[in-house]
Amino acid sequence: MTTIHVTASRDYDVLVQPGLLDDAGAQVARVLGTGRTAAIVAGATVAGLYAERLSASLTRAGFRTVTFTYPGGEHCKTLATYAALLDFLAAHRLSRSDLIVALGGGVTGDLAGFAAATYQRGIPFVQVPTTLLAAVDSSVGGKTAVNLASGKNQVGCFYQPSLVLCDPDTLRTLPPEEYRNGCAEVIKYAVLRSETFFDELRAVPVSAQVEHVIATCVAMKRDLVAADEFDRGSRQLLNLGHSFGHAVEKCSDYAVPHGCGVAIGMAIIARAAAKRGICTEDTCAQILALLRQYGLPTETDFTCDALTDAARSDKKIADGKLHLIVPERIGYCRIETIPAVDIRAWLADGGIA
């Protein structure tokens with residue numbers, strides 16, 4: 001088993017091991033004790049695949065379980081679903097000594113984490129990611145949120161899990177397009193922090209080294225969270241590709257999934273960086289080539305005006321400024337603070353008409 005310890009306002013471990021889903025109850029009991037109610041939160045598809053096994057594992061370890069199932073997907077990451085989850089917890093009389101278990105991808109983790117942070121002013125929660133994207137990124141670091149009509153993650157808070165249990169076997173049921181979404185976040189980490197990891201991704205498919213990939217990405221995120229838990233400095237580097245990627249998602253009414261949005265956002269910022277002389281044309285070409293190698297998009301049909309309008313609703317804008325994450329070379333990026341009025345020019349330099 002690979003164990004990665006995260007140091008934050010609440011310290012916790014990320015465990016990575018095939019078959020871990022069936023040992024989840026024992027692992028949760030080891031950290032939180034037993035004799036509690038565990039509310040499993042899962043989208044409908046994931047619930048059908050894994051909720052019964054997770055519930056059985058928790059029951060064997062002495063937990064009582066209840067399961068909240070919702071349709072799943074970004075369109076359900078709303079205040080309405082959040083309220084329904086809170087009502088479910090209250091109806092089943094969960095108390096602050098009980099816990100929530102988020103079983104699924106990034107949407108489920110964000111939704112369940114936000115409910116855990118706010119229900120009765122905070123109850124423990126455990127992340128059990130079942131997508132590559134959640135395993136390598138969103139299950140770690142304590143960001144929780146739901147969306148508003150104006151944009152992604154506009155309502156949320158920082159709230160660290162008590163434990164993250166990652167069973168790579170659950171990734172075998174992912175549709176190819178969902179696997180590709182996770183690969184976008186994996187590539188993001190390589191561009192941010194490691195040329196060696198970037199070269200490994202070029203040489204060996206993620207699917208052939210999945211445990212190594214998860215552990216590598218989580219360790220990178222662990223270091224950034226430890227240095228800047230509340231996203232006021234170096235942790236902002238994790239937003240590589242996200243500001244413009246979120247704009248693409250919003251313009252598509254979330255028909256473009258998060259990973260594809262991030263891939264397009266990385267492509268835009270790489271082209272803009274090359275045009276502005278921040279990185280070389282070769283660096284830009286390498287980023288675009290790796291994204292395409294993994295079947296990820298690097299272009300969008302949305303106009304510069306539409307993306308500019310969407311990007312200007314980004315929650316990361318403060319004092320009329322946006323912090324863009326810009327590659328200088330493979331393995332090293334910098335934070336470029338720009339006036340919000342310059343967003344359009346950056347998009348144009350990134351190839352958006």
# chains A, B, ... in the order shown; residues from 1 in each chain; ligands from 1
>>> residues_around(residues="Thr65 of chain A", least_positions_apart="2", cutoff="8 Å", atoms="only C-alpha atoms", output="tab-separated table (two decimals) with N, CA and C atoms, in the first residue's frame")
chain	number	residue	atom	x	y	z
A	37	THR	N	-22.76	6.30	12.34
A	37	THR	CA	-23.49	6.19	11.07
A	37	THR	C	-22.64	6.81	9.97
A	38	ALA	N	-22.48	6.08	8.88
A	38	ALA	CA	-21.75	6.57	7.71
A	38	ALA	C	-22.75	6.80	6.58
A	39	ALA	N	-22.87	8.05	6.15
A	39	ALA	CA	-23.75	8.38	5.03
A	39	ALA	C	-22.93	8.35	3.74
A	40	ILE	N	-23.19	7.37	2.90
A	40	ILE	CA	-22.51	7.27	1.61
A	40	ILE	C	-23.21	8.18	0.62
A	55	SER	N	-20.77	-0.22	1.40
A	55	SER	CA	-21.64	-0.35	2.56
A	55	SER	C	-21.35	-1.64	3.32
A	58	LEU	N	-18.16	-1.21	5.35
A	58	LEU	CA	-18.40	-0.37	6.52
A	58	LEU	C	-19.21	-1.12	7.58
A	59	THR	N	-20.20	-1.87	7.14
A	59	THR	CA	-21.02	-2.64	8.08
A	59	THR	C	-20.20	-3.68	8.82
A	63	PHE	N	-20.10	-0.05	11.37
A	63	PHE	CA	-20.83	1.18	11.07
A	63	PHE	C	-22.26	0.84	10.64
A	67	THR	N	-27.48	5.56	2.39
A	67	THR	CA	-26.92	5.99	1.10
A	67	THR	C	-27.79	7.05	0.46
>>> closest_atom_pairs(of="segment 222-341 of chain A", to="segment 183-205 of chain A", cutoff="7 Å", atoms="only C-alpha atoms", output="JSON lines")
{"residue": "A:Leu240", "atom": "CA", "partner": "A:Lys188", "partner_atom": "CA", "distance": 6.7}
{"residue": "A:Gly259", "atom": "CA", "partner": "A:Ala184", "partner_atom": "CA", "distance": 5.3}
{"residue": "A:Cys260", "atom": "CA", "partner": "A:Ala184", "partner_atom": "CA", "distance": 6.9}
{"residue": "A:Val262", "atom": "CA", "partner": "A:Ala184", "partner_atom": "CA", "distance": 6.6}
{"residue": "A:Ala263", "atom": "CA", "partner": "A:Ala184", "partner_atom": "CA", "distance": 5.6}
{"residue": "A:Leu290", "atom": "CA", "partner": "A:Arg202", "partner_atom": "CA", "distance": 6.6}
{"residue": "A:Ile330", "atom": "CA", "partner": "A:Val191", "partner_atom": "CA", "distance": 5.0}
{"residue": "A:Gly331", "atom": "CA", "partner": "A:Ser194", "partner_atom": "CA", "distance": 4.1}
{"residue": "A:Tyr332", "atom": "CA", "partner": "A:Leu192", "partner_atom": "CA", "distance": 5.2}
{"residue": "A:Cys333", "atom": "CA", "partner": "A:Leu192", "partner_atom": "CA", "distance": 5.6}
>>> write_last_selection(atoms="C-alpha atoms", output="PDB file, in the first residue's frame")
ATOM      1  CA  LEU A 240      -3.009  25.798 -14.646  1.00  0.00           C
ATOM      2  CA  GLY A 259     -10.861  17.523 -17.922  1.00  0.00           C
ATOM      3  CA  CYS A 260     -11.483  18.545 -21.519  1.00  0.00           C
ATOM      4  CA  VAL A 262      -8.652  22.043 -18.529  1.00  0.00           C
ATOM      5  CA  ALA A 263      -6.926  20.589 -21.601  1.00  0.00           C
ATOM      6  CA  LEU A 290       1.014  15.347 -25.137  1.00  0.00           C
ATOM      7  CA  ILE A 330       8.133  21.833 -18.885  1.00  0.00           C
ATOM      8  CA  GLY A 331       8.129  21.359 -15.115  1.00  0.00           C
ATOM      9  CA  TYR A 332       8.061  25.041 -14.221  1.00  0.00           C
ATOM     10  CA  CYS A 333       5.223  27.558 -14.335  1.00  0.00           C
TER      11      CYS A 333
END
>>> residues_around(residues="segment 279-286 of chain A", least_positions_apart="6", cutoff="6 Å", atoms="only C-alpha atoms", output="list in words")
Ala270, Ala273, Glu328 and Arg329 of chain A
>>> write_last_selection(atoms="N, CA, C and O atoms", output="mmCIF file, in the first residue's frame")
data_model
loop_
_atom_site.group_PDB
_atom_site.id
_atom_site.type_symbol
_atom_site.label_atom_id
_atom_site.label_comp_id
_atom_site.auth_asym_id
_atom_site.auth_seq_id
_atom_site.Cartn_x
_atom_site.Cartn_y
_atom_site.Cartn_z
ATOM 1 N N ALA A 270 -0.696 27.928 -23.145
ATOM 2 C CA ALA A 270 0.612 27.584 -23.724
ATOM 3 C C ALA A 270 0.857 28.379 -24.999
ATOM 4 O O ALA A 270 1.969 28.905 -25.209
ATOM 5 N N ALA A 273 1.523 31.968 -23.994
ATOM 6 C CA ALA A 273 2.856 32.116 -23.405
ATOM 7 C C ALA A 273 3.930 32.117 -24.475
ATOM 8 O O ALA A 273 4.897 32.898 -24.425
ATOM 9 N N GLU A 328 6.643 28.372 -18.239
ATOM 10 C CA GLU A 328 7.920 28.908 -18.740
ATOM 11 C C GLU A 328 8.717 27.806 -19.432
ATOM 12 O O GLU A 328 9.389 28.053 -20.426
ATOM 13 N N ARG A 329 8.630 26.604 -18.893
ATOM 14 C CA ARG A 329 9.239 25.411 -19.503
ATOM 15 C C ARG A 329 8.537 24.208 -18.894
ATOM 16 O O ARG A 329 7.775 24.348 -17.925
#
>>> residues_around(residues="Asp253 of chain A", least_positions_apart="3", cutoff="10 Å", atoms="only C-alpha atoms", output="number ranges by chain")
A: 74-75, 149, 151, 247-250, 256-257
>>> write_last_selection(atoms="C-alpha atoms", output="mmCIF file, in the first residue's frame")
data_model
loop_
_atom_site.group_PDB
_atom_site.id
_atom_site.type_symbol
_atom_site.label_atom_id
_atom_site.label_comp_id
_atom_site.auth_asym_id
_atom_site.auth_seq_id
_atom_site.Cartn_x
_atom_site.Cartn_y
_atom_site.Cartn_z
ATOM 1 C CA GLU A 74 -21.922 18.728 -13.111
ATOM 2 C CA HIS A 75 -25.537 19.821 -13.625
ATOM 3 C CA ALA A 149 -25.700 29.909 -12.557
ATOM 4 C CA GLY A 151 -20.111 29.885 -12.722
ATOM 5 C CA ALA A 247 -14.886 29.489 -19.141
ATOM 6 C CA VAL A 248 -15.120 26.807 -21.836
ATOM 7 C CA GLU A 249 -17.170 24.596 -19.516
ATOM 8 C CA LYS A 250 -19.547 27.427 -18.682
ATOM 9 C CA VAL A 256 -17.638 20.014 -22.138
ATOM 10 C CA PRO A 257 -16.440 18.029 -19.092
#
>>> residues_around(residues="segment 320-322 of chain A", least_positions_apart="3", cutoff="12 Å", atoms="only C-alpha atoms", output="number ranges by chain")
A: 236, 239, 242-244, 311-317, 325, 335-343, 346
>>> residues_around(residues="Ser138 of chain A", least_positions_apart="5", cutoff="10 Å", atoms="only C-alpha atoms", output="list in words")
Gly105, Gly106, Val107, Gly109, Asp110, Gln127, Pro129, Thr131, Leu132, Leu133, Lys143, Thr144, Glu185, Val218 and Lys221 of chain A
>>> residues_around(residues="segment 161-175 of chain A", least_positions_apart="6", cutoff="6 Å", atoms="only C-alpha atoms", output="PyMOL selection string")
chain A and resi 12-21+125-131
>>> write_last_selection(atoms="N, CA and C atoms", output="PDB file, in the first residue's frame")
ATOM      1  N   TYR A  12      -4.073  14.132   7.372  1.00  0.00           N
ATOM      2  CA  TYR A  12      -4.714  12.885   6.975  1.00  0.00           C
ATOM      3  C   TYR A  12      -3.826  12.144   6.003  1.00  0.00           C
ATOM      4  N   ASP A  13      -4.182  10.890   5.784  1.00  0.00           N
ATOM      5  CA  ASP A  13      -3.439  10.052   4.856  1.00  0.00           C
ATOM      6  C   ASP A  13      -4.256   9.800   3.596  1.00  0.00           C
ATOM      7  N   VAL A  14      -3.548   9.685   2.483  1.00  0.00           N
ATOM      8  CA  VAL A  14      -4.110   9.204   1.231  1.00  0.00           C
ATOM      9  C   VAL A  14      -3.539   7.806   1.017  1.00  0.00           C
ATOM     10  N   LEU A  15      -4.418   6.814   0.971  1.00  0.00           N
ATOM     11  CA  LEU A  15      -3.990   5.430   0.787  1.00  0.00           C
ATOM     12  C   LEU A  15      -4.310   4.986  -0.635  1.00  0.00           C
ATOM     13  N   VAL A  16      -3.344   4.360  -1.283  1.00  0.00           N
ATOM     14  CA  VAL A  16      -3.522   3.888  -2.662  1.00  0.00           C
ATOM     15  C   VAL A  16      -3.178   2.404  -2.708  1.00  0.00           C
ATOM     16  N   GLN A  17      -4.193   1.590  -3.065  1.00  0.00           N
ATOM     17  CA  GLN A  17      -3.948   0.156  -3.154  1.00  0.00           C
ATOM     18  C   GLN A  17      -5.110  -0.526  -3.865  1.00  0.00           C
ATOM     19  N   PRO A  18      -4.821  -1.401  -4.825  1.00  0.00           N
ATOM     20  CA  PRO A  18      -5.895  -2.184  -5.437  1.00  0.00           C
ATOM     21  C   PRO A  18      -6.632  -3.003  -4.377  1.00  0.00           C
ATOM     22  N   GLY A  19      -7.953  -3.085  -4.502  1.00  0.00           N
ATOM     23  CA  GLY A  19      -8.757  -3.840  -3.556  1.00  0.00           C
ATOM     24  C   GLY A  19      -9.117  -3.087  -2.288  1.00  0.00           C
ATOM     25  N   LEU A  20      -8.725  -1.828  -2.195  1.00  0.00           N
ATOM     26  CA  LEU A  20      -8.927  -1.070  -0.961  1.00  0.00           C
ATOM     27  C   LEU A  20     -10.406  -0.825  -0.657  1.00  0.00           C
ATOM     28  N   LEU A  21     -11.255  -0.838  -1.681  1.00  0.00           N
ATOM     29  CA  LEU A  21     -12.678  -0.592  -1.447  1.00  0.00           C
ATOM     30  C   LEU A  21     -13.250  -1.591  -0.443  1.00  0.00           C
ATOM     31  N   PHE A 125     -15.558  13.633   7.106  1.00  0.00           N
ATOM     32  CA  PHE A 125     -15.871  12.955   5.849  1.00  0.00           C
ATOM     33  C   PHE A 125     -14.642  12.283   5.271  1.00  0.00           C
ATOM     34  N   VAL A 126     -14.919  11.262   4.481  1.00  0.00           N
ATOM     35  CA  VAL A 126     -13.888  10.437   3.864  1.00  0.00           C
ATOM     36  C   VAL A 126     -14.109  10.462   2.357  1.00  0.00           C
ATOM     37  N   GLN A 127     -13.030  10.601   1.622  1.00  0.00           N
ATOM     38  CA  GLN A 127     -13.094  10.569   0.164  1.00  0.00           C
ATOM     39  C   GLN A 127     -12.735   9.172  -0.349  1.00  0.00           C
ATOM     40  N   VAL A 128     -13.612   8.615  -1.197  1.00  0.00           N
ATOM     41  CA  VAL A 128     -13.315   7.362  -1.884  1.00  0.00           C
ATOM     42  C   VAL A 128     -13.453   7.626  -3.382  1.00  0.00           C
ATOM     43  N   PRO A 129     -12.394   8.151  -4.014  1.00  0.00           N
ATOM     44  CA  PRO A 129     -12.494   8.524  -5.427  1.00  0.00           C
ATOM     45  C   PRO A 129     -12.599   7.306  -6.329  1.00  0.00           C
ATOM     46  N   THR A 130     -13.467   7.411  -7.337  1.00  0.00           N
ATOM     47  CA  THR A 130     -13.635   6.314  -8.296  1.00  0.00           C
ATOM     48  C   THR A 130     -13.358   6.766  -9.728  1.00  0.00           C
ATOM     49  N   THR A 131     -12.872   7.998  -9.902  1.00  0.00           N
ATOM     50  CA  THR A 131     -12.428   8.458 -11.214  1.00  0.00           C
ATOM     51  C   THR A 131     -10.955   8.829 -11.126  1.00  0.00           C
TER      52      THR A 131
END
>>> atom_distance(atom1="atom CA of Gln27 of chain A", atom2="atom CA of Val140 of chain A")
17.0 Å
>>> closest_residue(among="A:Ala289, A:Ala8, A:Ile269, A:Ile278", to="Ala345 of chain A", atoms="only C-alpha atoms")
A:Ile269
>>> select_by_dssp(residues="segment 210-284 of chain A", states="helix (DSSP H, G or I)", output="ChimeraX atom specification")
/A:210-227,234-239,242-251,258-275,281-284
>>> closest_residue(among="A:Gly141, A:Pro327, A:Pro124, A:Gly182", to="Arg222 of chain A", atoms="only C-alpha atoms")
A:Gly141
>>> atom_distance(atom1="atom CA of Val101 of chain A", atom2="atom CA of Val41 of chain A")
6.1 Å
>>> atom_distance(atom1="atom CA of Ile214 of chain A", atom2="atom CA of Phe68 of chain A")
27.3 Å
>>> closest_residue(among="A:Asn181, A:Val31, A:Leu103, A:Thr78", to="Gly43 of chain A", atoms="only C-alpha atoms")
A:Leu103
